[in-house]
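One structure is given below, encoded as structure tokens.
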Amino acid sequence: MSSPDRPDVTENGGTDTQPAVPRLSLTVSEHAVTPGAIEILKVIRPDWHSDSIRFKLFTDGITNKLVGCFYEPPPSPGGSVTDEDVVLIRVYGNKTEMLIDRRTETENIQLLHRYGYAPALYATFTNGLAYEYVPGVTLTTSTCRHERIWPLVARRMAQMHKVSEQSGTGANPVAPALPAKTEQFLQLIPSTFSDPIKNERVWKVFPRIDELRAEFEDLYRRLLETNSPIVFCHNDLLLGNVIYDEERERVTFIDYEYAAPNHQAFDIGNHFTEFAGIDDIDYGRYPDRAFQLRWLGEYIREYRGIGSAPTEGDVQRLYVQVNQYALASHFHWAVWALIQAEHSTIDFDFVQFGTTRFLEYRAKRDEFLGLRYTD
């Protein structure tokens, strides 16, 4: 970590309804997250006493480091207990600026917070941000199927997809993120990995970059035939990015690093692929047709804002779109993993992750592209 006694503070632009967010000239080391968090708290929580702060390092993510800062002051002189305050501080992974537009990420969080769909942003710093703690627990490969939970996820995704500022509808439609972002990833894959063992493992499975590009272009041409609309998408709704608050019966999405206008079916299909898990990937957990049809029916009702159930044709059409775009999700994150395999300092087997997703894409390609619906 490099920082002066008190980092310089500028401001990210605010709005009439939302104050500007402090931007700190401070860099936090991935290997010294807690000392860096202390420096940030001195600015955004100057009344916190250091001996009353408890830190918890979260380990769910495979891209960034996340630390929870829990302020637990002693009872006041009158005997009353002050409510606990919590700040989350996320330190970006090594070289992730090659993959992510951090300015856009900040704007996305502020936009969605105005809608009540994202946590409040407290500050940004050179290689991370500090934001509101959302009470609850992240989803697991079991809880994502619970009858009290999955409808909340379907409805929240539908609500997010209706955020008007970033939609692809109207007189000036915007381009979907998928093709440009996948091309960006393809350009960043090294032709030879610095680790010879990784290099051998990668090219035993993956075709060379020009072939990968041609294969994705062919896939995307097929996907465009489904006419999936462009909406504002999260684009990375893995289970660890969904927080379930049982007491309030609600879910909140976090980590908007990749949020952007994109195909509606990609966001849903991507979420379904994440049912397989990350550390112990099992595509036997991919939701079956019956579950998907129920999920998609709930989604359509919320997305359209209609009181009656969607038609069978509506649900079947979306089912075909979602499963075909799930192929793009596998491909997209497989090539992303190859970049992480070269640059990330996190202890995670990105080559194995990318290989697993690429092989699943290949295994399901013909089956999913063969799906059809009738009006």
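Residues in the structure tokens are named by chain (A, B, ... in the order shown) and by number from 1 within that chain; ligands are numbered from 1 in the order shown.
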Need the shell around Ala276 of chain A: protein/DNA/RNA residues with any atom at most 7 Å away, counting only C-alpha atoms. Skip same-chain ones fewer than 2 positions apart. Format as a ChimeraX atom specification? /A:141,273-274,278,281-283,285-286
Can you pull out every residue within 6 Å of segment 178-192 of chain A, counting only C-alpha atoms, but drop anything in the same chain fewer than 5 positions away, and send it as a ChimeraX atom specification? /A:332,336,339
Counting only C-alpha atoms, the option among A:Asn323, A:Glu257, A:Ala118, A:Leu239 closest to Leu99 of chain A: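 Once distances to Leu99 of chain A are computed over only C-alpha atoms, the minimum belongs to A:Glu257.
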Could you give me, as a compact mmCIF listing (two decimals) with N, CA and C atoms, in the first residue's frame, the residues within 9 Å of Phe266 of chain A, counting only C-alpha atoms and dropping anything in the same chain fewer than 3 positions from it?
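So part15.txt came out as:
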# COMPACT_ATOMS: atom_id res chain seq x y z
N LEU A 178 -21.85 -7.55 -25.44
CA LEU A 178 -21.28 -8.88 -25.64
C LEU A 178 -20.22 -8.96 -26.74
N SER A 228 -33.09 -11.24 -29.36
CA SER A 228 -33.17 -10.92 -27.93
C SER A 228 -32.96 -9.42 -27.76
N CYS A 233 -28.05 -4.66 -18.32
CA CYS A 233 -27.75 -5.97 -17.74
C CYS A 233 -26.64 -5.88 -16.69
N ASN A 235 -24.67 -8.66 -16.24
CA ASN A 235 -23.68 -9.37 -17.05
C ASN A 235 -22.72 -10.28 -16.27
N ASN A 262 -26.98 -4.89 -22.84
CA ASN A 262 -26.64 -6.18 -23.45
C ASN A 262 -27.93 -6.92 -23.77
N HIS A 263 -27.78 -8.08 -24.36
CA HIS A 263 -28.94 -8.88 -24.70
C HIS A 263 -29.59 -9.43 -23.42
N GLY A 269 -29.33 -16.21 -19.14
CA GLY A 269 -28.58 -17.44 -19.41
C GLY A 269 -27.30 -17.51 -18.62
N ASN A 270 -26.63 -16.37 -18.47
CA ASN A 270 -25.42 -16.33 -17.67
C ASN A 270 -25.70 -16.71 -16.22
N HIS A 271 -26.80 -16.19 -15.67
CA HIS A 271 -27.17 -16.54 -14.30
C HIS A 271 -27.43 -18.04 -14.17
N GLN A 321 -34.14 -18.46 -26.33
CA GLN A 321 -33.14 -17.39 -26.34
C GLN A 321 -32.13 -17.55 -25.20
N VAL A 322 -32.63 -17.82 -24.01
CA VAL A 322 -31.77 -17.89 -22.82
C VAL A 322 -30.77 -19.03 -22.93
N ASN A 323 -31.22 -20.18 -23.35
CA ASN A 323 -30.30 -21.32 -23.42
C ASN A 323 -29.28 -21.15 -24.54
N GLN A 324 -29.68 -20.50 -25.62
CA GLN A 324 -28.70 -20.26 -26.68
C GLN A 324 -27.68 -19.21 -26.25
N TYR A 325 -28.13 -18.18 -25.53
CA TYR A 325 -27.17 -17.19 -25.04
C TYR A 325 -26.33 -17.73 -23.88
N ALA A 326 -26.78 -18.80 -23.23
CA ALA A 326 -25.93 -19.44 -22.23
C ALA A 326 -24.64 -19.95 -22.87
N LEU A 327 -24.69 -20.31 -24.14
CA LEU A 327 -23.48 -20.71 -24.85
C LEU A 327 -22.49 -19.55 -24.91
N ALA A 328 -23.00 -18.35 -25.18
CA ALA A 328 -22.14 -17.18 -25.24
C ALA A 328 -21.54 -16.89 -23.87
N SER A 329 -22.29 -17.14 -22.82
CA SER A 329 -21.77 -16.95 -21.47
C SER A 329 -20.57 -17.86 -21.22
Surrounding residues of segment 306-314 of chain A excluding itself and chain neighbours under 3 positions, 7 Å, only C-alpha atoms, as an MDAnalysis selection string: chainID A and resid 297 300:301 317:318 374:375
Emit the selected residues as a compact mmCIF listing (two decimals), in the first residue's frame, including all heavy atoms.
# COMPACT_ATOMS: atom_id res chain seq x y z
N GLY A 297 -41.31 -17.43 -16.45
CA GLY A 297 -42.67 -16.90 -16.32
C GLY A 297 -42.74 -15.80 -15.27
O GLY A 297 -43.39 -14.76 -15.47
N ILE A 300 -41.04 -12.66 -16.75
CA ILE A 300 -41.85 -11.94 -17.76
C ILE A 300 -42.97 -11.15 -17.11
O ILE A 300 -43.26 -10.02 -17.51
CB ILE A 300 -42.41 -12.94 -18.80
CG1 ILE A 300 -41.27 -13.53 -19.64
CG2 ILE A 300 -43.43 -12.25 -19.71
CD1 ILE A 300 -41.70 -14.66 -20.56
N ARG A 301 -43.60 -11.73 -16.10
CA ARG A 301 -44.67 -11.00 -15.41
C ARG A 301 -44.16 -9.68 -14.84
O ARG A 301 -44.81 -8.64 -14.94
CB ARG A 301 -45.27 -11.86 -14.30
CG ARG A 301 -46.34 -12.84 -14.76
CD ARG A 301 -47.04 -13.51 -13.59
NE ARG A 301 -46.16 -14.46 -12.90
CZ ARG A 301 -46.02 -15.73 -13.26
NH1 ARG A 301 -46.69 -16.21 -14.30
NH2 ARG A 301 -45.20 -16.52 -12.60
N ARG A 317 -40.39 -18.86 -26.10
CA ARG A 317 -39.46 -18.04 -26.89
C ARG A 317 -38.27 -17.62 -26.03
O ARG A 317 -37.12 -17.72 -26.46
CB ARG A 317 -40.19 -16.82 -27.43
CG ARG A 317 -39.29 -15.91 -28.29
CD ARG A 317 -40.02 -14.68 -28.78
NE ARG A 317 -41.18 -15.02 -29.58
CZ ARG A 317 -42.45 -14.94 -29.16
NH1 ARG A 317 -42.73 -14.53 -27.93
NH2 ARG A 317 -43.44 -15.28 -29.95
N LEU A 318 -38.55 -17.12 -24.83
CA LEU A 318 -37.47 -16.69 -23.96
C LEU A 318 -36.60 -17.87 -23.54
O LEU A 318 -35.37 -17.73 -23.42
CB LEU A 318 -38.04 -15.97 -22.72
CG LEU A 318 -37.03 -15.31 -21.78
CD1 LEU A 318 -36.11 -14.35 -22.54
CD2 LEU A 318 -37.74 -14.59 -20.64
N THR A 374 -42.35 -22.31 -31.32
CA THR A 374 -43.40 -21.97 -32.30
C THR A 374 -44.35 -20.96 -31.66
O THR A 374 -44.67 -21.06 -30.47
CB THR A 374 -44.19 -23.22 -32.69
OG1 THR A 374 -44.73 -23.85 -31.52
CG2 THR A 374 -43.29 -24.20 -33.44
N ASP A 375 -44.75 -19.97 -32.42
CA ASP A 375 -45.68 -18.96 -31.93
C ASP A 375 -47.08 -19.56 -31.81
O ASP A 375 -47.44 -20.45 -32.53
CB ASP A 375 -45.72 -17.76 -32.87
CG ASP A 375 -44.39 -17.00 -32.82
OD1 ASP A 375 -43.83 -16.88 -31.72
OD2 ASP A 375 -43.94 -16.56 -33.88
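The space separating atom CA of Ala175 of chain A from atom CA of Leu111 of chain A comes to 18.9 Å.
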As a VMD selection string, please: every residue in segment 35-167 of chain A that DSSP puts in strand (DSSP E). chain A and resid 53 to 58 65 to 71 85 to 91 121 to 125 128 to 132 137 to 138
Generate a file of the selected residues that holds C-alpha atoms, formatted as a PDB file, in the first residue's frame.
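New file result_29.pdb:
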ATOM      1  CA  ILE A  53     -13.162  -1.612  14.254  1.00  0.00           C
ATOM      2  CA  ARG A  54     -13.286  -5.307  13.371  1.00  0.00           C
ATOM      3  CA  PHE A  55     -12.131  -6.483   9.952  1.00  0.00           C
ATOM      4  CA  LYS A  56     -13.301  -9.558   8.050  1.00  0.00           C
ATOM      5  CA  LEU A  57     -11.687 -10.648   4.794  1.00  0.00           C
ATOM      6  CA  PHE A  58     -14.193 -12.258   2.457  1.00  0.00           C
ATOM      7  CA  LYS A  65     -10.122  -8.754  -2.556  1.00  0.00           C
ATOM      8  CA  LEU A  66     -12.996  -7.690  -0.281  1.00  0.00           C
ATOM      9  CA  VAL A  67     -12.786  -6.664   3.370  1.00  0.00           C
ATOM     10  CA  GLY A  68     -15.674  -5.839   5.687  1.00  0.00           C
ATOM     11  CA  CYS A  69     -15.043  -3.071   8.218  1.00  0.00           C
ATOM     12  CA  PHE A  70     -17.385  -3.440  11.205  1.00  0.00           C
ATOM     13  CA  TYR A  71     -17.561  -0.581  13.684  1.00  0.00           C
ATOM     14  CA  ASP A  85     -21.915   0.409  11.185  1.00  0.00           C
ATOM     15  CA  VAL A  86     -20.330  -1.516   8.323  1.00  0.00           C
ATOM     16  CA  VAL A  87     -18.317  -0.478   5.268  1.00  0.00           C
ATOM     17  CA  LEU A  88     -17.140  -2.832   2.531  1.00  0.00           C
ATOM     18  CA  ILE A  89     -13.866  -2.091   0.772  1.00  0.00           C
ATOM     19  CA  ARG A  90     -13.051  -3.841  -2.479  1.00  0.00           C
ATOM     20  CA  VAL A  91      -9.526  -3.905  -3.904  1.00  0.00           C
ATOM     21  CA  LEU A 121     -21.083   4.105  -2.959  1.00  0.00           C
ATOM     22  CA  TYR A 122     -19.039   5.844  -0.236  1.00  0.00           C
ATOM     23  CA  ALA A 123     -15.727   6.477  -2.019  1.00  0.00           C
ATOM     24  CA  THR A 124     -13.421   5.337  -4.778  1.00  0.00           C
ATOM     25  CA  PHE A 125      -9.659   5.061  -4.620  1.00  0.00           C
ATOM     26  CA  GLY A 128     -10.870   0.025  -5.577  1.00  0.00           C
ATOM     27  CA  LEU A 129     -13.980   1.374  -3.941  1.00  0.00           C
ATOM     28  CA  ALA A 130     -15.801   1.539  -0.619  1.00  0.00           C
ATOM     29  CA  TYR A 131     -19.518   0.913  -0.471  1.00  0.00           C
ATOM     30  CA  GLU A 132     -22.504   0.072   1.684  1.00  0.00           C
ATOM     31  CA  VAL A 137     -26.017 -14.065   2.686  1.00  0.00           C
ATOM     32  CA  THR A 138     -24.775 -14.857  -0.796  1.00  0.00           C
TER      33      THR A 138
END
note - atom CA of Tyr258 of chain A and atom CA of Glu105 of chain A are separated by 7.2 Å
Residues near Asn108 of chain A, anyone? I mean within 12 Å using only C-alpha atoms, not counting same-chain ones fewer than 3 positions away, as a PyMOL selection string. chain A and resi 101-105+111-115+117-121+160+163+165-166+232-234+254-261
Selection above as a file: N, CA, C and O atoms, as a short mmCIF file (atom, residue, chain, number, x, y, z; two decimals), in the first residue's frame:
data_model
loop_
_atom_site.label_atom_id
_atom_site.label_comp_id
_atom_site.auth_asym_id
_atom_site.auth_seq_id
_atom_site.Cartn_x
_atom_site.Cartn_y
_atom_site.Cartn_z
N ASP A 101 -13.86 -1.02 -17.33
CA ASP A 101 -13.87 0.44 -17.31
C ASP A 101 -14.36 0.87 -15.94
O ASP A 101 -15.55 0.81 -15.63
N ARG A 102 -13.44 1.31 -15.08
CA ARG A 102 -13.79 1.60 -13.69
C ARG A 102 -14.67 2.85 -13.57
O ARG A 102 -15.48 2.94 -12.64
N ARG A 103 -14.52 3.81 -14.46
CA ARG A 103 -15.40 4.97 -14.43
C ARG A 103 -16.85 4.56 -14.69
O ARG A 103 -17.76 4.99 -14.00
N THR A 104 -17.03 3.71 -15.69
CA THR A 104 -18.37 3.24 -16.00
C THR A 104 -18.95 2.43 -14.86
O THR A 104 -20.13 2.53 -14.53
N GLU A 105 -18.10 1.62 -14.22
CA GLU A 105 -18.56 0.85 -13.07
C GLU A 105 -19.11 1.77 -11.98
O GLU A 105 -20.19 1.52 -11.42
N LEU A 111 -26.08 4.92 -10.60
CA LEU A 111 -27.35 4.85 -11.32
C LEU A 111 -28.30 3.88 -10.65
O LEU A 111 -29.46 4.19 -10.34
N LEU A 112 -27.83 2.67 -10.40
CA LEU A 112 -28.70 1.63 -9.85
C LEU A 112 -29.04 1.89 -8.39
O LEU A 112 -30.10 1.46 -7.92
N HIS A 113 -28.17 2.58 -7.67
CA HIS A 113 -28.51 2.95 -6.30
C HIS A 113 -29.70 3.90 -6.28
O HIS A 113 -30.55 3.82 -5.38
N ARG A 114 -29.78 4.78 -7.27
CA ARG A 114 -30.92 5.70 -7.33
C ARG A 114 -32.23 4.94 -7.48
O ARG A 114 -33.28 5.38 -7.02
N TYR A 115 -32.17 3.81 -8.13
CA TYR A 115 -33.36 2.98 -8.30
C TYR A 115 -33.60 2.06 -7.10
O TYR A 115 -34.61 1.37 -7.04
N TYR A 117 -31.51 -0.46 -6.43
CA TYR A 117 -31.09 -1.78 -6.85
C TYR A 117 -29.64 -2.09 -6.50
O TYR A 117 -29.16 -3.20 -6.76
N ALA A 118 -28.89 -1.13 -5.97
CA ALA A 118 -27.47 -1.34 -5.68
C ALA A 118 -27.11 -0.65 -4.38
O ALA A 118 -27.79 0.30 -3.97
N PRO A 119 -26.04 -1.08 -3.72
CA PRO A 119 -25.60 -0.42 -2.48
C PRO A 119 -25.14 1.01 -2.75
O PRO A 119 -24.79 1.37 -3.87
N ALA A 120 -25.11 1.81 -1.69
CA ALA A 120 -24.58 3.17 -1.79
C ALA A 120 -23.06 3.11 -1.94
O ALA A 120 -22.39 2.28 -1.33
N LEU A 121 -22.52 4.01 -2.76
CA LEU A 121 -21.08 4.10 -2.96
C LEU A 121 -20.55 5.21 -2.05
O LEU A 121 -20.99 6.35 -2.12
N MET A 160 -34.26 -4.52 -12.95
CA MET A 160 -33.01 -3.92 -13.42
C MET A 160 -33.01 -3.77 -14.93
O MET A 160 -32.52 -2.78 -15.47
N VAL A 163 -34.37 -0.46 -16.32
CA VAL A 163 -33.73 0.82 -16.04
C VAL A 163 -33.59 1.58 -17.36
O VAL A 163 -32.91 1.12 -18.28
N GLU A 165 -32.33 4.62 -18.37
CA GLU A 165 -31.20 5.41 -18.83
C GLU A 165 -30.25 4.63 -19.73
O GLU A 165 -29.57 5.19 -20.56
N GLN A 166 -30.21 3.32 -19.55
CA GLN A 166 -29.22 2.54 -20.29
C GLN A 166 -29.88 1.51 -21.21
O GLN A 166 -29.22 0.60 -21.69
N PHE A 232 -30.58 -3.02 -19.92
CA PHE A 232 -29.47 -2.80 -19.00
C PHE A 232 -29.23 -4.07 -18.19
O PHE A 232 -30.11 -4.51 -17.44
N CYS A 233 -28.05 -4.66 -18.32
CA CYS A 233 -27.75 -5.97 -17.74
C CYS A 233 -26.64 -5.88 -16.69
O CYS A 233 -25.76 -5.03 -16.77
N HIS A 234 -26.70 -6.80 -15.75
CA HIS A 234 -25.62 -6.96 -14.78
C HIS A 234 -24.41 -7.62 -15.45
O HIS A 234 -23.27 -7.24 -15.23
N ILE A 254 -24.85 -7.22 -6.34
CA ILE A 254 -23.65 -6.43 -6.07
C ILE A 254 -22.64 -6.64 -7.20
O ILE A 254 -22.84 -7.49 -8.07
N ASP A 255 -21.56 -5.87 -7.17
CA ASP A 255 -20.44 -5.97 -8.11
C ASP A 255 -20.89 -5.73 -9.56
O ASP A 255 -21.13 -6.67 -10.31
N TYR A 256 -20.94 -4.45 -9.90
CA TYR A 256 -21.41 -4.05 -11.23
C TYR A 256 -20.25 -3.75 -12.17
O TYR A 256 -20.34 -2.85 -13.01
N GLU A 257 -19.18 -4.51 -12.06
CA GLU A 257 -17.99 -4.27 -12.88
C GLU A 257 -18.27 -4.39 -14.38
O GLU A 257 -17.69 -3.67 -15.19
N TYR A 258 -19.13 -5.32 -14.74
CA TYR A 258 -19.38 -5.59 -16.15
C TYR A 258 -20.76 -5.12 -16.61
O TYR A 258 -21.17 -5.42 -17.74
N ALA A 259 -21.48 -4.41 -15.75
CA ALA A 259 -22.83 -3.97 -16.10
C ALA A 259 -22.80 -3.06 -17.32
O ALA A 259 -21.94 -2.18 -17.44
N ALA A 260 -23.75 -3.28 -18.22
CA ALA A 260 -23.81 -2.51 -19.47
C ALA A 260 -25.04 -2.96 -20.25
O ALA A 260 -25.59 -4.04 -19.99
N PRO A 261 -25.48 -2.17 -21.22
CA PRO A 261 -26.54 -2.65 -22.11
C PRO A 261 -26.10 -3.94 -22.79
O PRO A 261 -24.95 -4.04 -23.26
#
I'd like the neighbourhood of Phe350 of chain A as a VMD selection string, where a residue qualifies if any of its atoms comes within 7 Å (using only C-alpha atoms), though same-chain residues fewer than 3 positions away should be ignored. chain A and resid 337 to 338 340 to 341 353 to 354
To test your reading of the structure, identify every residue in segment 241-361 of chain A that backbone DSSP assigns to helix (DSSP H, G or I), and report it as a count of residues only. 77
Residue nearest Val153 of chain A - candidates A:Val231, A:Ile109, A:Ile243, A:Leu219, atoms counted: only C-alpha atoms: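 Going through A:Val231, A:Ile109, A:Ile243, A:Leu219 one by one, the smallest distance to Val153 of chain A is for A:Ile243.
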Quick one: distance from atom CA of Thr356 of chain A to atom CA of Leu223 of chain A in Å, one decimal?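 According to the coordinates, atom CA of Thr356 of chain A and atom CA of Leu223 of chain A are separated by 21.8 Å.
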